[in-house]
>>> print(open('input_1.json').read())   # JSON, C-alpha atoms
[["chain", "number", "residue", "atom", "x", "y", "z"],
["A", 12, "MET", "CA", 59.45, 48.40, 247.54],
["A", 13, "THR", "CA", 55.83, 47.81, 246.51],
["A", 14, "GLY", "CA", 54.73, 45.39, 243.80],
["A", 15, "ARG", "CA", 53.29, 48.24, 241.70],
["A", 16, "PHE", "CA", 56.64, 50.08, 241.72],
["A", 17, "VAL", "CA", 58.48, 46.92, 240.65],
["A", 18, "ARG", "CA", 56.09, 46.37, 237.74],
["A", 19, "SER", "CA", 56.66, 49.97, 236.65],
["A", 20, "LEU", "CA", 60.42, 49.47, 236.53],
["A", 21, "LEU", "CA", 60.07, 46.26, 234.48],
["A", 22, "ALA", "CA", 57.80, 48.00, 231.97],
["A", 23, "LEU", "CA", 60.15, 50.98, 231.47],
["A", 24, "PRO", "CA", 62.50, 49.40, 228.87],
["A", 25, "LEU", "CA", 59.53, 48.27, 226.76],
["A", 26, "ALA", "CA", 58.01, 51.78, 226.87],
["A", 27, "LEU", "CA", 61.30, 53.38, 225.79],
["A", 28, "ALA", "CA", 61.56, 50.94, 222.93],
["A", 29, "MET", "CA", 58.06, 51.78, 221.75],
["A", 30, "LEU", "CA", 58.77, 55.50, 221.84],
["A", 31, "ALA", "CA", 62.00, 55.11, 219.90],
["A", 32, "GLY", "CA", 60.27, 53.02, 217.27],
["A", 33, "GLY", "CA", 57.31, 55.32, 216.70],
["A", 34, "GLY", "CA", 54.92, 53.41, 218.91],
["A", 35, "SER", "CA", 55.79, 49.85, 217.72],
["A", 36, "ALA", "CA", 57.94, 47.25, 219.48],
["A", 37, "ILE", "CA", 60.88, 46.19, 217.26],
["A", 38, "ALA", "CA", 61.60, 42.43, 217.26],
["A", 39, "GLN", "CA", 65.03, 41.34, 216.05],
["A", 40, "GLU", "CA", 64.80, 39.03, 213.02],
["A", 41, "PRO", "CA", 66.41, 35.57, 213.42],
["A", 42, "PRO", "CA", 69.70, 35.14, 211.55],
["A", 43, "ALA", "CA", 69.56, 33.76, 208.06],
["A", 44, "THR", "CA", 70.02, 30.03, 207.84],
["A", 45, "GLY", "CA", 72.27, 30.24, 204.73],
["A", 46, "THR", "CA", 71.83, 28.96, 201.22],
["A", 47, "PRO", "CA", 69.39, 26.14, 200.55],
["A", 48, "ALA", "CA", 70.81, 22.61, 200.66],
["A", 49, "ARG", "CA", 71.93, 21.36, 197.26],
["A", 50, "PRO", "CA", 70.90, 17.92, 195.96],
["A", 51, "THR", "CA", 73.38, 15.10, 196.53],
["A", 52, "VAL", "CA", 73.99, 11.75, 194.87],
["A", 53, "GLU", "CA", 75.53, 8.67, 196.44],
["A", 54, "LEU", "CA", 77.52, 6.39, 194.14],
["A", 55, "SER", "CA", 80.32, 3.84, 194.11],
["A", 56, "ALA", "CA", 82.92, 2.39, 191.77],
["A", 57, "GLU", "CA", 85.10, -0.71, 191.91],
["A", 58, "ALA", "CA", 88.41, -1.75, 190.35],
["A", 59, "ASN", "CA", 90.24, -5.08, 190.31],
["A", 60, "ARG", "CA", 93.84, -5.99, 189.61],
["A", 61, "PRO", "CA", 95.58, -9.39, 189.61],
["A", 62, "ALA", "CA", 98.37, -9.97, 192.12],
["A", 63, "PRO", "CA", 100.85, -12.84, 191.75],
["A", 64, "ASN", "CA", 100.75, -15.49, 194.46],
["A", 65, "ASP", "CA", 104.40, -15.13, 195.36],
["A", 66, "LEU", "CA", 104.19, -16.37, 198.98],
["A", 67, "ALA", "CA", 103.59, -20.02, 199.94],
["A", 68, "THR", "CA", 102.76, -21.26, 203.43],
["A", 69, "ALA", "CA", 102.55, -24.92, 204.41],
["A", 70, "THR", "CA", 101.82, -26.73, 207.67],
["A", 71, "ALA", "CA", 103.61, -30.02, 208.36],
["A", 72, "TYR", "CA", 102.99, -32.20, 211.39],
["A", 73, "VAL", "CA", 103.72, -35.50, 213.04],
["A", 74, "GLU", "CA", 101.05, -37.37, 215.01],
["A", 75, "SER", "CA", 101.78, -40.53, 216.95],
["A", 76, "SER", "CA", 100.45, -42.70, 219.81],
["A", 77, "ASP", "CA", 102.08, -44.77, 222.54],
["A", 78, "ALA", "CA", 101.16, -46.26, 225.90],
["A", 79, "ASN", "CA", 104.34, -44.74, 227.38],
["A", 80, "PRO", "CA", 104.13, -40.90, 227.34],
["A", 81, "ALA", "CA", 107.88, -40.44, 227.83],
["A", 82, "ARG", "CA", 108.68, -42.71, 224.91],
["A", 83, "LEU", "CA", 106.04, -40.96, 222.81],
["A", 84, "ALA", "CA", 107.46, -37.51, 223.56],
["A", 85, "GLU", "CA", 110.99, -38.67, 222.73],
["A", 86, "ARG", "CA", 109.92, -40.12, 219.39],
["A", 87, "VAL", "CA", 107.92, -37.05, 218.37],
["A", 88, "ASN", "CA", 110.70, -34.67, 219.45],
["A", 89, "GLU", "CA", 113.28, -36.61, 217.46],
["A", 90, "THR", "CA", 111.09, -36.50, 214.36],
["A", 91, "MET", "CA", 110.51, -32.76, 214.64],
["A", 92, "ALA", "CA", 114.17, -32.05, 215.35],
["A", 93, "ALA", "CA", 115.14, -33.91, 212.18],
["A", 94, "ALA", "CA", 112.52, -32.00, 210.19],
["A", 95, "LEU", "CA", 113.77, -28.62, 211.46],
["A", 96, "ALA", "CA", 117.35, -29.62, 210.71],
["A", 97, "GLU", "CA", 116.33, -30.47, 207.15],
["A", 98, "ALA", "CA", 114.48, -27.13, 206.83],
["A", 99, "ARG", "CA", 117.62, -25.23, 207.90],
["A", 100, "ARG", "CA", 119.31, -26.53, 204.76],
["A", 101, "TYR", "CA", 116.99, -24.22, 202.80],
["A", 102, "PRO", "CA", 117.84, -20.60, 203.74],
["A", 103, "SER", "CA", 114.99, -19.21, 201.65],
["A", 104, "VAL", "CA", 112.41, -21.14, 203.70],
["A", 105, "LYS", "CA", 111.33, -19.89, 207.12],
["A", 106, "ALA", "CA", 110.43, -22.68, 209.57],
["A", 107, "ARG", "CA", 108.93, -22.38, 213.04],
["A", 108, "THR", "CA", 107.09, -24.65, 215.44],
["A", 109, "THR", "CA", 103.44, -23.69, 215.86],
["A", 110, "GLY", "CA", 101.92, -26.24, 218.22],
["A", 111, "LEU", "CA", 102.39, -29.28, 220.44],
["A", 112, "HIS", "CA", 99.30, -31.10, 221.69],
["A", 113, "THR", "CA", 99.02, -34.25, 223.80],
["A", 114, "TRP", "CA", 95.77, -35.94, 224.85],
["A", 115, "PRO", "CA", 94.81, -39.27, 226.45],
["A", 116, "VAL", "CA", 93.50, -42.26, 224.51],
["A", 117, "TYR", "CA", 90.71, -44.04, 226.39],
["A", 118, "GLY", "CA", 89.66, -47.66, 226.17],
["A", 119, "LYS", "CA", 86.40, -48.93, 224.73],
["A", 120, "GLU", "CA", 84.43, -48.12, 227.87],
["A", 121, "GLY", "CA", 85.80, -44.59, 227.89],
["A", 122, "ARG", "CA", 86.95, -44.72, 231.52],
["A", 123, "ARG", "CA", 90.50, -46.03, 231.50],
["A", 124, "ILE", "CA", 93.43, -44.31, 229.80],
["A", 125, "GLU", "CA", 95.20, -46.85, 227.61],
["A", 126, "GLY", "CA", 97.69, -44.57, 225.94],
["A", 127, "TRP", "CA", 98.60, -41.08, 224.78],
["A", 128, "ARG", "CA", 98.58, -39.29, 221.45],
["A", 129, "THR", "CA", 100.76, -36.33, 220.52],
["A", 130, "ARG", "CA", 100.69, -33.95, 217.57],
["A", 131, "SER", "CA", 103.49, -31.49, 216.84],
["A", 132, "GLU", "CA", 103.40, -28.94, 214.00],
["A", 133, "ILE", "CA", 105.77, -26.69, 212.09],
["A", 134, "GLN", "CA", 104.93, -23.92, 209.66],
["A", 135, "LEU", "CA", 106.98, -23.36, 206.52],
["A", 136, "GLU", "CA", 106.89, -20.08, 204.60],
["A", 137, "SER", "CA", 108.78, -19.01, 201.51],
["A", 138, "ARG", "CA", 108.70, -16.91, 198.37],
["A", 139, "ASP", "CA", 110.96, -19.50, 196.74],
["A", 140, "LEU", "CA", 108.30, -21.96, 195.62],
["A", 141, "GLU", "CA", 110.78, -24.34, 194.08],
["A", 142, "ALA", "CA", 112.78, -24.66, 197.30],
["A", 143, "LEU", "CA", 109.66, -25.12, 199.42],
["A", 144, "SER", "CA", 108.32, -27.77, 197.06],
["A", 145, "GLU", "CA", 111.60, -29.69, 197.27],
["A", 146, "LEU", "CA", 111.67, -29.46, 201.07],
["A", 147, "LEU", "CA", 108.08, -30.69, 201.39],
["A", 148, "GLY", "CA", 108.92, -33.66, 199.21],
["A", 149, "LYS", "CA", 111.66, -34.66, 201.66],
["A", 150, "LEU", "CA", 109.63, -34.00, 204.82],
["A", 151, "GLN", "CA", 106.78, -36.19, 203.62],
["A", 152, "ALA", "CA", 108.91, -39.22, 204.45],
["A", 153, "THR", "CA", 108.16, -38.69, 208.16],
["A", 154, "LEU", "CA", 105.65, -35.85, 208.37],
["A", 155, "ALA", "CA", 102.19, -35.21, 207.03],
["A", 156, "VAL", "CA", 101.61, -31.93, 205.23],
["A", 157, "GLY", "CA", 98.20, -30.57, 206.07],
["A", 158, "GLN", "CA", 97.72, -27.86, 203.47],
["A", 159, "LEU", "CA", 99.49, -25.43, 201.20],
["A", 160, "THR", "CA", 98.35, -21.82, 200.87],
["A", 161, "LEU", "CA", 99.43, -19.63, 197.97],
["A", 162, "GLN", "CA", 98.81, -15.89, 198.20],
["A", 163, "PRO", "CA", 100.43, -12.54, 197.43],
["A", 164, "ALA", "CA", 103.11, -11.40, 199.86],
["A", 165, "PRO", "CA", 102.06, -8.38, 201.97],
["A", 166, "GLU", "CA", 104.23, -5.94, 200.02],
["A", 167, "THR", "CA", 102.98, -7.36, 196.72],
["A", 168, "ARG", "CA", 99.35, -7.02, 197.79],
["A", 169, "LYS", "CA", 99.93, -3.44, 198.96],
["A", 170, "SER", "CA", 101.53, -2.29, 195.72],
["A", 171, "VAL", "CA", 98.77, -3.88, 193.63],
["A", 172, "ALA", "CA", 96.08, -2.47, 195.94],
["A", 173, "ASP", "CA", 97.49, 1.05, 195.49],
["A", 174, "LEU", "CA", 97.18, 0.69, 191.71],
["A", 175, "ALA", "CA", 93.65, -0.67, 192.05],
["A", 176, "ALA", "CA", 92.73, 2.27, 194.32],
["A", 177, "THR", "CA", 93.88, 4.71, 191.65],
["A", 178, "ASP", "CA", 91.73, 2.88, 189.08],
["A", 179, "ALA", "CA", 88.71, 2.93, 191.40],
["A", 180, "ILE", "CA", 89.00, 6.66, 192.14],
["A", 181, "ARG", "CA", 89.27, 7.46, 188.44],
["A", 182, "ALA", "CA", 86.22, 5.31, 187.78],
["A", 183, "PHE", "CA", 84.35, 7.16, 190.55],
["A", 184, "GLU", "CA", 85.23, 10.52, 189.04],
["A", 185, "ALA", "CA", 84.11, 9.40, 185.60],
["A", 186, "ARG", "CA", 80.80, 8.13, 186.96],
["A", 187, "ALA", "CA", 80.23, 11.33, 188.94],
["A", 188, "LYS", "CA", 80.94, 13.42, 185.84],
["A", 189, "THR", "CA", 78.49, 11.36, 183.79],
["A", 190, "ILE", "CA", 75.71, 11.68, 186.37],
["A", 191, "ALA", "CA", 76.19, 15.41, 186.84],
["A", 192, "GLY", "CA", 76.42, 16.00, 183.09],
["A", 193, "THR", "CA", 73.22, 14.08, 182.46],
["A", 194, "LEU", "CA", 71.45, 16.43, 184.88],
["A", 195, "ASP", "CA", 73.18, 19.45, 183.29],
["A", 196, "LYS", "CA", 74.99, 20.18, 186.55],
["A", 197, "ARG", "CA", 78.48, 20.52, 187.84],
["A", 198, "TYR", "CA", 79.55, 18.61, 190.95],
["A", 199, "ARG", "CA", 81.92, 18.52, 193.86],
["A", 200, "ILE", "CA", 82.84, 15.62, 196.12],
["A", 201, "ARG", "CA", 81.46, 15.88, 199.64],
["A", 202, "HIS", "CA", 82.56, 12.50, 200.99],
["A", 203, "LEU", "CA", 84.81, 9.70, 199.80],
["A", 204, "ALA", "CA", 85.65, 6.32, 201.38],
["A", 205, "VAL", "CA", 88.04, 3.70, 200.01],
["A", 206, "ALA", "CA", 87.58, 0.02, 200.96],
["A", 207, "TYR", "CA", 90.25, -2.58, 200.19],
["A", 208, "GLY", "CA", 89.24, -6.17, 199.56],
["A", 209, "GLY", "CA", 90.48, -9.20, 197.68],
["A", 210, "THR", "CA", 90.45, -12.96, 197.72],
["A", 211, "SER", "CA", 92.99, -15.22, 199.35],
["A", 212, "GLY", "CA", 95.12, -17.58, 197.37],
["A", 213, "PRO", "CA", 94.23, -21.21, 196.70],
["A", 214, "ILE", "CA", 94.40, -23.66, 199.61],
["A", 215, "ARG", "CA", 95.28, -27.19, 198.59],
["A", 216, "PRO", "CA", 95.35, -30.36, 200.70],
["A", 217, "MET", "CA", 98.65, -32.25, 200.62],
["A", 218, "MET", "CA", 99.67, -35.90, 200.92],
["A", 219, "ARG", "CA", 100.06, -37.57, 204.27],
["A", 220, "ALA", "CA", 103.34, -39.08, 205.46],
["A", 221, "SER", "CA", 104.78, -41.56, 203.02],
["A", 222, "ALA", "CA", 106.49, -44.87, 203.76],
["A", 223, "VAL", "CA", 109.18, -44.19, 201.18],
["A", 224, "ALA", "CA", 112.40, -42.43, 202.03],
["A", 225, "GLU", "CA", 111.43, -39.35, 200.05],
["A", 226, "ALA", "CA", 108.14, -38.54, 198.40],
["A", 227, "ALA", "CA", 107.91, -36.73, 195.09],
["A", 228, "ALA", "CA", 108.01, -32.96, 195.42],
["A", 229, "PRO", "CA", 104.44, -31.61, 195.22],
["A", 230, "PRO", "CA", 103.85, -29.48, 192.11],
["A", 231, "MET", "CA", 103.15, -25.80, 192.71],
["A", 232, "GLU", "CA", 101.46, -23.48, 190.24],
["A", 233, "ALA", "CA", 101.38, -20.09, 191.95],
["A", 234, "GLY", "CA", 98.76, -18.38, 189.81],
["A", 235, "GLU", "CA", 97.20, -15.07, 190.80],
["A", 236, "SER", "CA", 94.77, -13.62, 193.32],
["A", 237, "GLU", "CA", 92.42, -10.76, 192.56],
["A", 238, "VAL", "CA", 92.78, -7.60, 194.65],
["A", 239, "SER", "CA", 89.69, -5.38, 194.63],
["A", 240, "VAL", "CA", 89.15, -1.81, 195.81],
["A", 241, "THR", "CA", 85.75, -0.13, 196.15],
["A", 242, "VAL", "CA", 85.20, 3.60, 196.43],
["A", 243, "HIS", "CA", 82.00, 4.90, 198.02],
["A", 244, "GLY", "CA", 81.17, 8.59, 198.03],
["A", 245, "THR", "CA", 78.69, 11.43, 197.89],
["A", 246, "ILE", "CA", 78.72, 14.25, 195.35],
["A", 247, "GLU", "CA", 76.90, 17.57, 195.55],
["A", 248, "LEU", "CA", 75.27, 18.89, 192.40],
["A", 249, "ILE", "CA", 75.95, 22.53, 191.56],
["A", 250, "ASP", "CA", 74.06, 24.75, 189.13]]
>>> encode(input="input_1.json", output="C-alpha cells")
Amino acid sequence: MTGRFVRSLLALPLALAMLAGGGSAIAQEPPATGTPARPTVELSAEANRPAPNDLATATAYVESSDANPARLAERVNETMAAALAEARRYPSVKARTTGLHTWPVYGKEGRRIEGWRTRSEIQLESRDLEALSELLGKLQATLAVGQLTLQPAPETRKSVADLAATDAIRAFEARAKTIAGTLDKRYRIRHLAVAYGGTSGPIRPMMRASAVAEAAAPPMEAGESEVSVTVHGTIELID
C-alpha cells in the first residue's frame, strides 16, 4: 500500500465531515464547567464550661539508703507493704505500685560504691476526697507524698465537653448568620471541625514524711477546671 493511498484514507473522515457541515469542520465544544464558585468565609467560635474537680490523684513514695542492699530492700518492702495494707482499709481509694528504682551511691572520688539507694512509689486515686485526705495524713508518717492532682473525672469531663460543644456550635451559627446578613446573603456550612480543649486541675506539692505517728490530713479544696471547645468552619455565601 503506497504512502499516497494511506494519506487519502486518513483524510476521508475529515472530508465527509466538511461535506456534512456545509464545508466547515465542526469542533465539539468542551463541557460546561458548572456554576461559578461562590464566595466563602472562614470563622470560628469558642465556648467554655466549668467542670468540678471530682477526681484526686496522689503519688506517695519511700526513699532510703543502706550499705547492705538486702537490708535496704527488706526495709523498703516492709514500709510499702504497710502502706498498701493501710490503703486497703479505704475501699473508695484505688492504690497501685508504680515504680521501684535502685541505684548505687558512690564515695567522694566517684569510683567506689559505698551504698545503695532505693525509691518505691504508689499511686492513690479516688473521687472520695475526704477519704483520700485522711489516708494521706496517715501515710505521711512513713512516706513522702510528692504531689496531689485535682481534675475532673473522665466521665465528668466528657459530659461537660458535650455541653460546651453545643454552646460552641450555636455560637458558630449565630456568627455565621451575622456575617451573611451583614453582606445581605444567605449561607450554608461547607466544613465544620470541633476541637476539644481544657486545662488540667491544680497540682500541689505535699509534705514530706513526718516523724510523728500520724501527720495532719492535708486540706483539699477541689475547685473547678475549665473545659473549652472551639469550632472552626467555612460557610458559603448564597445570593
>>> residues_around(input="input_1.json", residues="Leu135 in chain A", least_positions_apart="2", cutoff="8 Å", atoms="all atoms listed in the file", output="ChimeraX atom specification")
/A:68-71,104-107,133,137,143
>>> residues_around(input="input_1.json", residues="His202 in chain A", least_positions_apart="2", cutoff="12 Å", atoms="all atoms listed in the file", output="count of residues only")
16
>>> atom_distance(input="input_1.json", atom1="CA of Ala81 in chain A", atom2="CA of Arg99 in chain A")
26.9 Å
>>> closest_residue(input="input_1.json", among="A:Glu132, A:Glu166, A:Asp173, A:Glu74", to="Ala94 in chain A", atoms="only C-alpha atoms")
A:Glu132
>>> atom_distance(input="input_1.json", atom1="CA of Gly126 in chain A", atom2="CA of Ala96 in chain A")
29.0 Å
>>> atom_distance(input="input_1.json", atom1="CA of Ser236 in chain A", atom2="CA of Tyr207 in chain A")
13.8 Å
>>> closest_residue(input="input_1.json", among="A:Ala233, A:Asp250, A:Ala58, A:Lys169", to="Leu194 in chain A", atoms="all atoms listed in the file")
A:Asp250
>>> closest_residue(input="input_1.json", among="A:Lys149, A:Asp139, A:Val240, A:Arg186", to="Pro102 in chain A", atoms="only C-alpha atoms")
A:Asp139
>>> decode(input="input_1.json", residues="range 80-97 of chain A", atoms="N, CA and C atoms", output="PDB file, in the first residue's frame")
ATOM      1  N   PRO A  80      22.454  -3.936 100.446  1.00  0.00           N
ATOM      2  CA  PRO A  80      21.288  -3.880  99.546  1.00  0.00           C
ATOM      3  C   PRO A  80      20.148  -4.789  99.973  1.00  0.00           C
ATOM      4  N   ALA A  81      20.459  -5.952 100.555  1.00  0.00           N
ATOM      5  CA  ALA A  81      19.402  -6.856 101.004  1.00  0.00           C
ATOM      6  C   ALA A  81      18.622  -6.246 102.155  1.00  0.00           C
ATOM      7  N   ARG A  82      19.333  -5.642 103.097  1.00  0.00           N
ATOM      8  CA  ARG A  82      18.671  -4.998 104.224  1.00  0.00           C
ATOM      9  C   ARG A  82      17.845  -3.799 103.759  1.00  0.00           C
ATOM     10  N   LEU A  83      18.371  -3.076 102.778  1.00  0.00           N
ATOM     11  CA  LEU A  83      17.658  -1.924 102.230  1.00  0.00           C
ATOM     12  C   LEU A  83      16.354  -2.361 101.568  1.00  0.00           C
ATOM     13  N   ALA A  84      16.428  -3.409 100.753  1.00  0.00           N
ATOM     14  CA  ALA A  84      15.233  -3.898 100.063  1.00  0.00           C
ATOM     15  C   ALA A  84      14.191  -4.378 101.060  1.00  0.00           C
ATOM     16  N   GLU A  85      14.622  -5.065 102.109  1.00  0.00           N
ATOM     17  CA  GLU A  85      13.686  -5.564 103.117  1.00  0.00           C
ATOM     18  C   GLU A  85      12.978  -4.411 103.820  1.00  0.00           C
ATOM     19  N   ARG A  86      13.730  -3.368 104.159  1.00  0.00           N
ATOM     20  CA  ARG A  86      13.142  -2.236 104.865  1.00  0.00           C
ATOM     21  C   ARG A  86      12.140  -1.496 103.978  1.00  0.00           C
ATOM     22  N   VAL A  87      12.506  -1.272 102.725  1.00  0.00           N
ATOM     23  CA  VAL A  87      11.612  -0.563 101.810  1.00  0.00           C
ATOM     24  C   VAL A  87      10.357  -1.385 101.541  1.00  0.00           C
ATOM     25  N   ASN A  88      10.527  -2.700 101.337  1.00  0.00           N
ATOM     26  CA  ASN A  88       9.375  -3.557 101.071  1.00  0.00           C
ATOM     27  C   ASN A  88       8.418  -3.590 102.262  1.00  0.00           C
ATOM     28  N   GLU A  89       8.950  -3.621 103.458  1.00  0.00           N
ATOM     29  CA  GLU A  89       8.098  -3.624 104.643  1.00  0.00           C
ATOM     30  C   GLU A  89       7.300  -2.319 104.747  1.00  0.00           C
ATOM     31  N   THR A  90       7.963  -1.210 104.438  1.00  0.00           N
ATOM     32  CA  THR A  90       7.284   0.086 104.506  1.00  0.00           C
ATOM     33  C   THR A  90       6.152   0.171 103.483  1.00  0.00           C
ATOM     34  N   MET A  91       6.421  -0.300 102.264  1.00  0.00           N
ATOM     35  CA  MET A  91       5.402  -0.237 101.224  1.00  0.00           C
ATOM     36  C   MET A  91       4.268  -1.208 101.501  1.00  0.00           C
ATOM     37  N   ALA A  92       4.581  -2.365 102.028  1.00  0.00           N
ATOM     38  CA  ALA A  92       3.540  -3.342 102.361  1.00  0.00           C
ATOM     39  C   ALA A  92       2.601  -2.776 103.418  1.00  0.00           C
ATOM     40  N   ALA A  93       3.158  -2.082 104.405  1.00  0.00           N
ATOM     41  CA  ALA A  93       2.327  -1.475 105.438  1.00  0.00           C
ATOM     42  C   ALA A  93       1.461  -0.361 104.855  1.00  0.00           C
ATOM     43  N   ALA A  94       2.022   0.399 103.921  1.00  0.00           N
ATOM     44  CA  ALA A  94       1.261   1.485 103.294  1.00  0.00           C
ATOM     45  C   ALA A  94       0.107   0.931 102.464  1.00  0.00           C
ATOM     46  N   LEU A  95       0.347  -0.140 101.712  1.00  0.00           N
ATOM     47  CA  LEU A  95      -0.714  -0.742 100.908  1.00  0.00           C
ATOM     48  C   LEU A  95      -1.780  -1.367 101.792  1.00  0.00           C
ATOM     49  N   ALA A  96      -1.371  -1.946 102.907  1.00  0.00           N
ATOM     50  CA  ALA A  96      -2.346  -2.513 103.843  1.00  0.00           C
ATOM     51  C   ALA A  96      -3.237  -1.421 104.412  1.00  0.00           C
ATOM     52  N   GLU A  97      -2.641  -0.268 104.723  1.00  0.00           N
ATOM     53  CA  GLU A  97      -3.427   0.858 105.232  1.00  0.00           C
ATOM     54  C   GLU A  97      -4.394   1.360 104.154  1.00  0.00           C
TER      55      GLU A  97
END
